[in-house]
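Below is work-v4.txt, which holds compact mmCIF, C-alpha atoms and all ligand atoms.
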# COMPACT_ATOMS: atom_id res chain seq x y z
CA MET V 1 1.02 35.12 -24.12
CA ASP V 2 -1.05 38.14 -25.11
CA GLN V 3 -3.12 39.13 -28.11
CA ARG V 4 -0.11 40.57 -29.97
CA ASP V 5 1.62 37.20 -30.29
CA PRO V 6 1.78 35.56 -33.73
CA LEU V 7 0.10 32.29 -32.73
CA SER V 8 -3.07 31.20 -34.51
CA PRO V 9 -6.37 31.71 -32.69
CA ARG V 10 -6.78 27.95 -32.20
CA THR V 11 -3.44 27.70 -30.40
CA ARG V 12 -4.38 30.68 -28.23
CA LEU V 13 -7.44 28.74 -27.03
CA VAL V 14 -5.04 26.18 -25.54
CA HIS V 15 -2.23 28.41 -24.24
CA GLY V 16 -3.55 32.00 -24.08
CA GLY V 17 -3.55 33.70 -20.69
CA THR V 18 -1.68 30.91 -18.85
CA ARG V 19 -0.21 32.04 -15.51
CA ARG V 20 1.81 29.38 -13.69
CA SER V 21 2.25 29.42 -9.93
CA GLN V 22 5.57 28.71 -8.20
CA PHE V 23 4.76 24.98 -8.57
CA GLU V 24 4.99 25.08 -12.37
CA GLU V 25 1.81 23.05 -12.91
CA THR V 26 0.81 21.88 -16.42
CA SER V 27 -2.93 22.42 -16.05
CA GLU V 28 -4.12 25.78 -14.75
CA ALA V 29 -4.59 26.12 -10.99
CA ILE V 30 -7.86 27.10 -9.31
CA PHE V 31 -7.16 30.11 -7.10
CA MET V 32 -10.22 29.70 -4.89
CA THR V 33 -9.58 32.78 -2.78
CA SER V 34 -11.47 35.99 -2.16
CA GLY V 35 -8.46 38.00 -1.01
CA PHE V 36 -4.67 38.26 -1.22
CA VAL V 37 -2.01 39.02 1.41
CA TYR V 38 0.82 41.55 1.44
CA GLU V 39 4.29 41.16 2.87
CA SER V 40 4.05 44.62 4.53
CA ALA V 41 1.74 47.59 5.06
CA GLU V 42 3.76 49.43 2.45
CA ALA V 43 3.18 46.63 -0.08
CA ALA V 44 -0.59 46.86 0.53
CA GLU V 45 -0.47 50.64 0.09
CA HIS V 46 1.51 50.20 -3.11
CA ALA V 47 -0.89 47.55 -4.46
CA PHE V 48 -3.87 49.90 -4.00
CA ALA V 49 -2.09 52.90 -5.47
CA ASN V 50 -0.80 50.96 -8.43
CA ASP V 51 -1.96 50.03 -11.91
CA GLY V 52 -3.74 46.82 -10.93
CA SER V 53 -0.85 44.53 -11.84
CA ARG V 54 -1.21 42.91 -8.43
CA PHE V 55 -4.28 40.94 -7.33
CA VAL V 56 -6.01 42.63 -4.38
CA TYR V 57 -9.56 41.25 -4.22
CA SER V 58 -11.41 38.67 -6.34
CA ARG V 59 -14.35 40.97 -7.10
CA PHE V 60 -11.81 43.07 -9.04
CA ARG V 61 -9.49 40.39 -10.39
CA ASN V 62 -8.47 36.81 -9.65
CA PRO V 63 -5.67 34.75 -11.25
CA THR V 64 -7.89 31.90 -12.53
CA VAL V 65 -10.52 34.34 -13.79
CA ALA V 66 -7.76 36.44 -15.41
CA MET V 67 -6.51 33.36 -17.28
CA PHE V 68 -10.00 32.81 -18.69
CA GLU V 69 -10.34 36.50 -19.60
CA ASP V 70 -6.96 36.74 -21.31
CA ARG V 71 -7.43 33.47 -23.19
CA LEU V 72 -10.81 34.52 -24.62
CA ALA V 73 -9.55 38.04 -25.45
CA ALA V 74 -6.50 36.53 -27.22
CA TYR V 75 -8.81 34.34 -29.30
CA GLU V 76 -11.29 37.09 -30.19
CA GLY V 77 -8.70 39.77 -30.89
CA TYR V 78 -10.10 42.33 -28.43
CA GLU V 79 -7.78 44.05 -25.96
CA ARG V 80 -9.87 43.28 -22.88
CA CYS V 81 -12.28 40.70 -21.52
CA PHE V 82 -14.39 40.97 -18.37
CA ALA V 83 -15.65 37.62 -17.07
CA THR V 84 -19.06 37.69 -15.39
CA ALA V 85 -21.15 35.28 -13.31
CA SER V 86 -23.65 34.65 -16.13
CA GLY V 87 -24.40 35.71 -19.67
CA MET V 88 -27.08 38.09 -18.43
CA ALA V 89 -24.61 39.78 -16.06
CA ALA V 90 -22.44 40.39 -19.15
CA VAL V 91 -25.33 41.81 -21.19
CA HIS V 92 -26.48 43.97 -18.27
CA GLY V 93 -22.96 45.25 -17.53
CA ALA V 94 -22.17 46.05 -21.16
CA ILE V 95 -25.44 47.91 -21.72
CA MET V 96 -26.02 49.72 -18.41
CA GLY V 97 -22.31 50.45 -17.95
CA LEU V 98 -22.33 52.57 -21.11
CA LEU V 99 -25.62 54.47 -20.66
CA LYS V 100 -26.97 57.51 -18.83
CA ALA V 101 -30.35 59.28 -18.70
CA GLY V 102 -31.32 60.88 -22.01
CA ASP V 103 -29.45 58.30 -24.10
CA ARG V 104 -30.98 56.26 -26.91
CA ILE V 105 -30.74 52.55 -27.75
CA VAL V 106 -31.61 50.97 -31.07
CA ALA V 107 -31.97 47.18 -30.86
CA SER V 108 -33.23 44.34 -33.00
CA ARG V 109 -36.56 42.94 -31.84
CA ALA V 110 -35.58 39.25 -32.12
CA LEU V 111 -33.64 39.02 -28.86
CA PHE V 112 -33.16 36.48 -26.11
CA GLY V 113 -36.03 37.23 -23.65
CA SER V 114 -33.88 38.59 -20.81
CA CYS V 115 -31.90 40.81 -23.22
CA LEU V 116 -35.19 42.28 -24.46
CA TYR V 117 -36.17 42.91 -20.81
CA ILE V 118 -32.95 44.87 -20.20
CA VAL V 119 -33.29 47.18 -23.22
CA LYS V 120 -37.10 47.53 -23.08
CA ASP V 121 -37.93 47.44 -19.36
CA ILE V 122 -34.79 48.25 -17.33
CA ALA V 123 -32.96 50.87 -19.43
CA THR V 124 -36.19 52.81 -20.06
CA ARG V 125 -36.78 53.12 -16.29
CA PHE V 126 -33.74 55.39 -16.14
CA GLY V 127 -34.76 57.81 -18.88
CA VAL V 128 -33.23 55.94 -21.79
CA GLU V 129 -35.24 55.72 -25.01
CA THR V 130 -35.34 52.31 -26.71
CA VAL V 131 -36.28 51.82 -30.36
CA LEU V 132 -36.81 48.26 -31.65
CA VAL V 133 -36.38 47.30 -35.31
CA ASP V 134 -36.72 44.20 -37.47
CA GLY V 135 -33.02 43.30 -37.57
CA THR V 136 -33.26 41.66 -41.00
CA LYS V 137 -34.49 44.89 -42.67
CA PRO V 138 -31.68 47.33 -43.58
CA GLU V 139 -34.20 50.13 -44.15
CA GLU V 140 -35.47 49.87 -40.54
CA TRP V 141 -31.93 50.24 -39.21
CA GLU V 142 -31.37 53.19 -41.55
CA ALA V 143 -34.52 54.96 -40.34
CA ALA V 144 -33.85 54.28 -36.65
CA LEU V 145 -30.20 55.31 -36.88
CA ALA V 146 -30.95 58.57 -38.67
CA ALA V 147 -31.13 60.16 -35.17
CA PRO V 148 -28.19 60.48 -32.76
CA THR V 149 -27.90 57.21 -30.80
CA THR V 150 -25.75 55.98 -27.92
CA LEU V 151 -25.90 52.23 -28.23
CA VAL V 152 -26.94 49.54 -30.68
CA PHE V 153 -27.68 46.05 -29.37
CA LEU V 154 -28.35 42.97 -31.46
CA GLU V 155 -28.10 39.22 -31.72
CA SER V 156 -27.18 37.34 -34.90
CA PRO V 157 -28.30 34.64 -35.55
CA SER V 158 -31.31 35.37 -33.36
CA ASN V 159 -33.14 33.09 -30.94
CA PRO V 160 -34.98 30.92 -31.91
CA CYS V 161 -35.62 31.50 -35.63
CA LEU V 162 -32.04 32.30 -36.67
CA ASP V 163 -32.51 35.67 -38.40
CA ILE V 164 -29.24 37.22 -39.51
CA VAL V 165 -28.31 40.89 -39.03
CA ASP V 166 -25.79 42.46 -41.43
CA LEU V 167 -23.08 43.42 -38.91
CA GLU V 168 -21.02 45.56 -41.28
CA HIS V 169 -24.01 47.58 -42.50
CA VAL V 170 -25.44 48.17 -39.01
CA THR V 171 -22.04 49.00 -37.51
CA ALA V 172 -21.34 51.60 -40.22
CA LEU V 173 -24.76 53.23 -39.65
CA ALA V 174 -24.35 53.09 -35.86
CA HIS V 175 -20.93 54.72 -35.90
CA LYS V 176 -22.29 57.52 -38.09
CA ALA V 177 -25.07 58.04 -35.52
CA GLY V 178 -22.48 58.23 -32.73
CA ALA V 179 -23.41 54.82 -31.29
CA ARG V 180 -21.33 51.94 -29.98
CA VAL V 181 -22.39 48.49 -31.15
CA VAL V 182 -22.87 45.62 -28.67
CA VAL V 183 -23.40 42.17 -30.21
CA ASP V 184 -24.63 39.06 -28.39
CA ASN V 185 -22.62 36.44 -30.31
CA VAL V 186 -23.88 33.37 -28.44
CA PHE V 187 -25.82 31.67 -31.25
CA ALA V 188 -23.03 32.31 -33.77
CA THR V 189 -20.31 31.08 -31.34
CA PRO V 190 -16.81 32.59 -31.11
CA VAL V 191 -15.67 30.06 -33.74
CA MET V 192 -18.19 30.75 -36.50
CA GLN V 193 -18.48 34.56 -36.31
CA LYS V 194 -15.86 37.20 -35.54
CA PRO V 195 -17.74 40.46 -34.85
CA LYS V 196 -14.45 42.34 -34.35
CA ARG V 197 -13.72 41.92 -38.09
CA HIS V 198 -16.98 43.71 -38.90
CA GLY V 199 -16.21 46.70 -36.69
CA VAL V 200 -18.32 45.66 -33.68
CA ASP V 201 -17.25 47.53 -30.51
CA VAL V 202 -18.38 45.13 -27.79
CA VAL V 203 -19.11 41.39 -27.90
CA VAL V 204 -21.02 39.64 -25.11
CA TYR V 205 -21.27 35.92 -24.41
CA SER V 206 -23.19 33.56 -22.25
CA ALA V 207 -20.21 31.26 -21.55
CA THR V 208 -22.84 28.88 -20.16
CA LYS V 209 -23.47 27.80 -23.75
CA HIS V 210 -20.72 26.70 -26.18
CA ILE V 211 -17.76 27.99 -24.13
CA ASP V 212 -18.51 25.55 -21.32
CA GLY V 213 -20.26 23.34 -23.85
CA GLN V 214 -20.82 20.56 -21.36
CA GLY V 215 -23.72 21.92 -19.31
CA ARG V 216 -21.77 22.38 -16.08
CA CYS V 217 -21.83 26.01 -15.01
CA LEU V 218 -23.00 29.54 -15.70
CA GLY V 219 -20.68 32.25 -16.93
CA GLY V 220 -20.45 35.27 -19.18
CA ALA V 221 -17.95 37.55 -20.87
CA ILE V 222 -17.69 41.10 -22.23
CA LEU V 223 -15.02 41.77 -24.88
CA CYS V 224 -13.91 45.23 -26.00
CA ASP V 225 -10.91 47.48 -26.56
CA GLN V 226 -9.21 49.64 -23.90
CA GLU V 227 -11.24 52.81 -24.45
CA ILE V 228 -14.55 51.08 -23.71
CA ALA V 229 -12.93 48.90 -21.05
CA ALA V 230 -12.00 52.07 -19.16
CA LEU V 231 -15.70 53.04 -19.08
CA LEU V 232 -16.92 49.57 -18.09
CA ALA V 233 -14.24 48.73 -15.50
CA PRO V 234 -15.52 50.94 -12.63
CA TYR V 235 -19.14 49.90 -13.28
CA LEU V 236 -18.28 46.20 -13.11
CA ARG V 237 -15.88 46.58 -10.20
CA HIS V 238 -18.41 48.41 -8.04
CA THR V 239 -21.55 46.46 -8.99
CA GLY V 240 -19.89 43.04 -8.58
CA PRO V 241 -21.03 40.59 -11.29
CA ALA V 242 -17.72 38.71 -10.80
CA MET V 243 -17.23 35.12 -12.00
CA SER V 244 -16.30 32.46 -9.45
CA PRO V 245 -12.68 31.18 -9.82
CA PHE V 246 -14.04 27.63 -9.93
CA ASN V 247 -16.35 28.44 -12.84
CA ALA V 248 -13.50 30.30 -14.55
CA TRP V 249 -11.42 27.13 -14.33
CA VAL V 250 -14.22 24.99 -15.84
CA LEU V 251 -14.67 27.53 -18.64
CA LEU V 252 -10.92 27.80 -19.21
CA LYS V 253 -10.82 24.06 -19.87
CA GLY V 254 -13.92 24.52 -22.07
CA LEU V 255 -12.00 27.02 -24.22
CA GLU V 256 -9.30 24.41 -24.94
CA THR V 257 -11.79 22.25 -26.84
CA LEU V 258 -14.15 25.02 -28.08
CA ASP V 259 -12.84 25.12 -31.65
CA LEU V 260 -12.98 21.32 -32.09
CA ARG V 261 -16.40 20.98 -30.50
CA VAL V 262 -18.08 23.79 -32.40
CA ARG V 263 -16.66 22.62 -35.76
CA ALA V 264 -17.85 19.05 -35.13
CA GLN V 265 -21.27 20.22 -33.93
CA THR V 266 -21.63 22.56 -36.92
CA ALA V 267 -20.78 19.77 -39.38
CA ALA V 268 -23.34 17.52 -37.66
CA ALA V 269 -25.96 20.32 -37.64
CA LEU V 270 -25.63 20.72 -41.41
CA GLU V 271 -26.16 16.96 -41.92
CA VAL V 272 -29.15 17.00 -39.59
CA ALA V 273 -30.64 20.11 -41.27
CA ARG V 274 -30.29 18.48 -44.71
CA PHE V 275 -32.06 15.39 -43.40
CA LEU V 276 -34.88 17.51 -41.95
CA GLU V 277 -35.32 19.28 -45.30
CA SER V 278 -35.80 15.89 -46.94
CA HIS V 279 -38.48 14.67 -44.50
CA PRO V 280 -42.12 15.47 -45.34
CA ALA V 281 -43.07 15.97 -41.66
CA ALA V 282 -40.60 18.87 -41.25
CA ALA V 283 -42.58 21.86 -42.52
CA ARG V 284 -40.02 24.65 -42.44
CA VAL V 285 -36.34 24.15 -41.75
CA VAL V 286 -34.26 27.22 -40.87
CA TYR V 287 -30.49 26.70 -40.61
CA PRO V 288 -27.96 29.39 -41.57
CA GLY V 289 -25.73 26.80 -43.26
CA LEU V 290 -28.46 25.71 -45.71
CA GLU V 291 -28.70 27.28 -49.17
CA SER V 292 -32.44 27.64 -48.44
CA HIS V 293 -31.85 30.09 -45.54
CA PRO V 294 -33.50 33.37 -46.68
CA GLN V 295 -30.26 35.26 -45.97
CA HIS V 296 -27.79 32.64 -47.13
CA ALA V 297 -25.64 35.12 -49.11
CA LEU V 298 -25.21 37.24 -45.97
CA VAL V 299 -24.42 34.11 -43.92
CA ARG V 300 -21.66 33.27 -46.42
CA ARG V 301 -20.15 36.74 -46.04
CA GLN V 302 -20.39 36.96 -42.28
CA MET V 303 -20.08 33.46 -40.81
CA ALA V 304 -17.62 30.60 -41.25
CA GLY V 305 -20.43 28.05 -40.86
CA GLY V 306 -24.07 27.71 -39.84
CA SER V 307 -23.30 27.05 -36.14
CA THR V 308 -25.08 24.49 -33.99
CA LEU V 309 -28.77 25.48 -33.87
CA ILE V 310 -31.64 24.51 -36.15
CA CYS V 311 -35.22 25.79 -36.08
CA PHE V 312 -38.05 23.80 -37.72
CA ASP V 313 -41.80 23.29 -37.71
CA VAL V 314 -43.40 19.87 -37.33
CA LYS V 315 -46.31 18.70 -39.46
CA GLY V 316 -48.77 16.11 -38.13
CA SER V 317 -51.50 14.40 -40.13
CA GLY V 318 -53.60 17.58 -39.83
CA GLY V 319 -50.78 20.04 -40.66
CA PRO V 320 -48.23 21.87 -38.49
CA SER V 321 -49.27 21.85 -34.80
CA LYS V 322 -48.19 21.91 -31.18
CA GLN V 323 -49.45 18.34 -30.88
CA ALA V 324 -47.13 17.19 -33.69
CA ALA V 325 -44.18 19.07 -32.13
CA PHE V 326 -44.85 17.48 -28.73
CA ALA V 327 -45.23 14.00 -30.31
CA LEU V 328 -41.80 14.39 -31.90
CA MET V 329 -40.16 15.55 -28.65
CA ASN V 330 -41.71 12.74 -26.64
CA ALA V 331 -40.70 10.05 -29.16
CA MET V 332 -37.01 10.98 -29.23
CA GLU V 333 -34.58 8.83 -27.26
CA VAL V 334 -31.15 10.37 -27.87
CA VAL V 335 -32.08 14.07 -28.05
CA THR V 336 -33.30 15.30 -24.67
CA ILE V 337 -35.79 18.04 -23.85
CA SER V 338 -34.09 21.13 -22.41
CA ASN V 339 -34.14 24.87 -22.98
CA ASN V 340 -30.33 25.07 -22.69
CA LEU V 341 -28.16 25.07 -25.82
CA GLY V 342 -24.60 24.71 -27.06
CA ASP V 343 -24.12 21.51 -25.03
CA SER V 344 -22.28 18.36 -26.13
CA LYS V 345 -25.65 16.64 -25.64
CA SER V 346 -28.26 17.45 -28.29
CA LEU V 347 -31.19 19.35 -26.77
CA ILE V 348 -34.61 20.25 -28.11
CA THR V 349 -37.08 22.86 -26.94
CA HIS V 350 -40.57 24.09 -27.85
CA PRO V 351 -40.16 27.89 -27.70
CA ALA V 352 -43.90 28.77 -27.71
CA THR V 353 -44.51 26.94 -24.40
CA THR V 354 -41.12 27.51 -22.71
CA THR V 355 -38.62 30.29 -23.53
CA HIS V 356 -41.26 32.44 -25.25
CA GLN V 357 -44.33 31.36 -23.22
CA ARG V 358 -44.96 34.86 -21.80
CA LEU V 359 -45.34 36.54 -25.20
CA THR V 360 -48.69 36.99 -26.96
CA ASP V 361 -49.47 34.86 -30.04
CA GLU V 362 -48.94 37.96 -32.17
CA GLU V 363 -45.54 38.75 -30.63
CA ARG V 364 -44.48 35.14 -31.18
CA LEU V 365 -45.56 35.24 -34.82
CA THR V 366 -43.52 38.43 -35.38
CA LEU V 367 -40.50 36.40 -34.26
CA GLY V 368 -41.47 33.47 -36.52
CA ILE V 369 -42.50 31.22 -33.62
CA THR V 370 -45.58 29.09 -34.35
CA PRO V 371 -47.15 26.40 -32.13
CA ALA V 372 -45.34 23.84 -34.34
CA THR V 373 -41.85 25.39 -34.01
CA LEU V 374 -38.96 23.51 -32.37
CA ARG V 375 -35.39 24.65 -31.69
CA LEU V 376 -32.74 21.93 -31.85
CA SER V 377 -29.24 22.39 -30.42
CA VAL V 378 -26.98 19.83 -32.08
CA GLY V 379 -24.39 18.17 -29.85
CA LEU V 380 -21.44 15.84 -30.25
CA GLU V 381 -23.27 12.56 -30.82
CA ASP V 382 -22.77 10.64 -34.07
CA PRO V 383 -25.01 12.52 -36.57
CA ALA V 384 -26.30 9.14 -37.84
CA ASP V 385 -27.81 8.49 -34.39
CA LEU V 386 -29.33 11.98 -34.30
CA ILE V 387 -30.87 11.50 -37.73
CA ALA V 388 -32.30 8.10 -36.75
CA ASP V 389 -33.72 9.67 -33.59
CA LEU V 390 -35.27 12.59 -35.50
CA LYS V 391 -36.74 10.15 -38.02
CA ARG V 392 -38.35 8.30 -35.11
CA GLY V 393 -39.74 11.61 -33.82
CA LEU V 394 -40.98 12.86 -37.20
CA ASP V 395 -42.61 9.51 -38.00
CA ALA V 396 -44.36 9.62 -34.61
CA ALA V 397 -45.52 13.20 -35.29
CA ALA V 398 -46.87 12.29 -38.74
CA ALA V 399 -48.70 9.18 -37.53
C1 LIG I 401 -28.41 31.97 -22.67
C2 LIG I 401 -28.32 33.26 -23.38
C3 LIG I 401 -28.13 34.46 -22.67
C4 LIG I 401 -28.08 34.51 -21.17
O1 LIG I 401 -27.02 33.79 -20.65
P1 LIG I 401 -27.03 33.15 -19.14
O2 LIG I 401 -25.69 32.53 -19.04
O3 LIG I 401 -28.16 32.19 -19.11
O4 LIG I 401 -27.25 34.29 -18.21
C5 LIG I 401 -28.06 35.63 -23.41
N1 LIG I 401 -28.16 35.63 -24.74
C6 LIG I 401 -28.34 34.49 -25.46
C7 LIG I 401 -28.46 34.56 -26.94
C8 LIG I 401 -28.43 33.27 -24.80
O5 LIG I 401 -28.62 32.15 -25.51

Same coordinates, now as structure tokens:
Amino acid sequence: MDQRDPLSPRTRLVHGGTRRSQFEETSEAIFMTSGFVYESAEAAEHAFANDGSRFVYSRFRNPTVAMFEDRLAAYEGYERCFATASGMAAVHGAIMGLLKAGDRIVASRALFGSCLYIVKDIATRFGVETVLVDGTKPEEWEAALAAPTTLVFLESPSNPCLDIVDLEHVTALAHKAGARVVVDNVFATPVMQKPKRHGVDVVVYSATKHIDGQGRCLGGAILCDQEIAALLAPYLRHTGPAMSPFNAWVLLKGLETLDLRVRAQTAAALEVARFLESHPAAARVVYPGLESHPQHALVRRQMAGGSTLICFDVKGSGGPSKQAAFALMNAMEVVTISNNLGDSKSLITHPATTTHQRLTDEERLTLGITPATLRLSVGLEDPADLIADLKRGLDAAAA
């Protein structure tokens, strides 16, 4: 089944990309092999001269990895998917594979730390200019994209404070400036936001997050159409960020339940966010699905739901503080402390002392991160248990 078939996206998550071996198995096989054999020298010659329809080496292509790639591409509506060993390998491949010296990147400032490192520290080492903007301000995008640009990179919602970037507006400006747009869609999830519909050229994922969704393995993906795929293919083939067939199999099974999981987690996240808004010890609750989100109208236009992450500040007896945030984390019994996200288990992290520890206080404040800020990734537990657990934590923080 390919992306031209008439099946609904949800069905494609179950059947897309399936390649059965001669044994006609029901569940996809794991082709744990680095190489492939040929019936003759001529067949090997033909395989190398040909269009790539035959598997020749697992750094280039592998049947289990190809099933994962084709299934995700069929769901997203892009012509091609490249699976990578991690989300960062996908971000690195998509950005560096499209750039050369003298090029210019415009990116939003509120990025996952390693993504910021690639655009700000790596790309600039090779004579690429990087301009950072506040992604929520249309006028900053307009000013930055008034000059010819090669690539636009952004995340929406952003980590950890869930700022939203207007994909349609930025994509229109970028295309006028001659740029291709790369979007990190991890926080939104493939279920709740379809960047392709807003004209986005390349989507990147950390499959480690919702696509696996069960905390088992690392993985990443780059999605794009053929024209860009032709530019990226040699870069990826020769630099080797290939995904392991075993991980591809885990992630393939993850795709089968992705739609169900993300919808259930999103519904639970909305319930949890509403509860937080009602509790006096939660000082600021940011969730894209809440009417109180500063960009709620844009969320409505661009996303099918608020997704699975919530950002909030914790107020102790003396006001919002790190101490109150830590008291909450330490009092919780169901929600566990981890910097991962998108898992079936609910996870909580204190960005100021973990994921964003290396930034200065001022840089953190620009991103909306205070000492009292927590990021909660809502899992598949009964939301009533999560709310009871958060109540325990908030009461402990306020005590
Ligand atoms: C986790 C994450 C990444 C990096 O993915 P890895 O699989 O950890 O390499 C990139 N962007 C965002 C938004 C993420 O959450």

Of the candidates V:Asp389, V:Glu381, V:Glu362, V:Asp184, which one gets nearest to ligand LIG 401 (chain I) if we count only C-alpha atoms and all ligand atoms?
V:Asp184

Excluding V:Lys176 and residues on its chain fewer than 2 positions from it, collect all residues at most 10 Å away from it, counting all atoms listed in the file, and give them as number ranges by chain.
V: 145-149, 170-174, 178-180

What would the file look like if the residues just selected were written as a PDB file, in the coordinates of the input with C-alpha atoms?
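Once written, part-v4.pdb looks like this:
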ATOM      1  CA  LEU V 145     -30.200  55.310 -36.880  1.00  0.00           C
ATOM      2  CA  ALA V 146     -30.950  58.570 -38.670  1.00  0.00           C
ATOM      3  CA  ALA V 147     -31.130  60.160 -35.170  1.00  0.00           C
ATOM      4  CA  PRO V 148     -28.190  60.480 -32.760  1.00  0.00           C
ATOM      5  CA  THR V 149     -27.900  57.210 -30.800  1.00  0.00           C
ATOM      6  CA  VAL V 170     -25.440  48.170 -39.010  1.00  0.00           C
ATOM      7  CA  THR V 171     -22.040  49.000 -37.510  1.00  0.00           C
ATOM      8  CA  ALA V 172     -21.340  51.600 -40.220  1.00  0.00           C
ATOM      9  CA  LEU V 173     -24.760  53.230 -39.650  1.00  0.00           C
ATOM     10  CA  ALA V 174     -24.350  53.090 -35.860  1.00  0.00           C
ATOM     11  CA  GLY V 178     -22.480  58.230 -32.730  1.00  0.00           C
ATOM     12  CA  ALA V 179     -23.410  54.820 -31.290  1.00  0.00           C
ATOM     13  CA  ARG V 180     -21.330  51.940 -29.980  1.00  0.00           C
TER      14      ARG V 180
END

Within-6 Å residues of ligand LIG 401 (chain I), basis only C-alpha atoms and all ligand atoms, as an MDAnalysis selection string:
chainID V and resid 86:88 112 186:187 206 208 218:220

Around (-26.5, 38.3, -31.1) in the file's own coordinates, what residues are found within 7 Å if you use all atoms listed in the file, given back as JSON, numbers by chain?
{"V": [154, 155, 156, 157, 158, 183, 184, 185, 186, 187]}

Using atom CA of V:Phe60 and atom CA of V:Ala44 as the two end points, give the distance in Å to one decimal.
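Distance between the two atoms: 15.2 Å.
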
Which stretch 64-99 of chain V residues have any atom within 8 Å of an atom of stretch 113-128 of chain V, and for each, what is the nearest pair of atoms with distance in Å to one decimal, counting all atoms listed in the file, rows sorted by chain and number, as a Markdown table?
| residue | atom | partner | partner_atom | distance |
| --- | --- | --- | --- | --- |
| V:Met88 | CA | V:Ser114 | CA | 7.2 |
| V:Val91 | CA | V:Cys115 | CA | 6.9 |
| V:His92 | CA | V:Ile118 | CA | 6.8 |
| V:Met96 | CA | V:Ala123 | CA | 7.1 |
| V:Leu99 | CA | V:Val128 | CA | 7.8 |

Quick one: residues within 8 Å of V:Ile310, only C-alpha atoms counted, chain neighbours fewer than 6 positions away excluded, as a PyMOL selection string?
chain V and resi 162+269+273+285-287+375-378

Have a look at atom CA of V:Ala282 and atom CA of V:Gly342 and let me know their distance in Å, one decimal.
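So the two atoms, atom CA of V:Ala282 and atom CA of V:Gly342, lie 22.2 Å apart.
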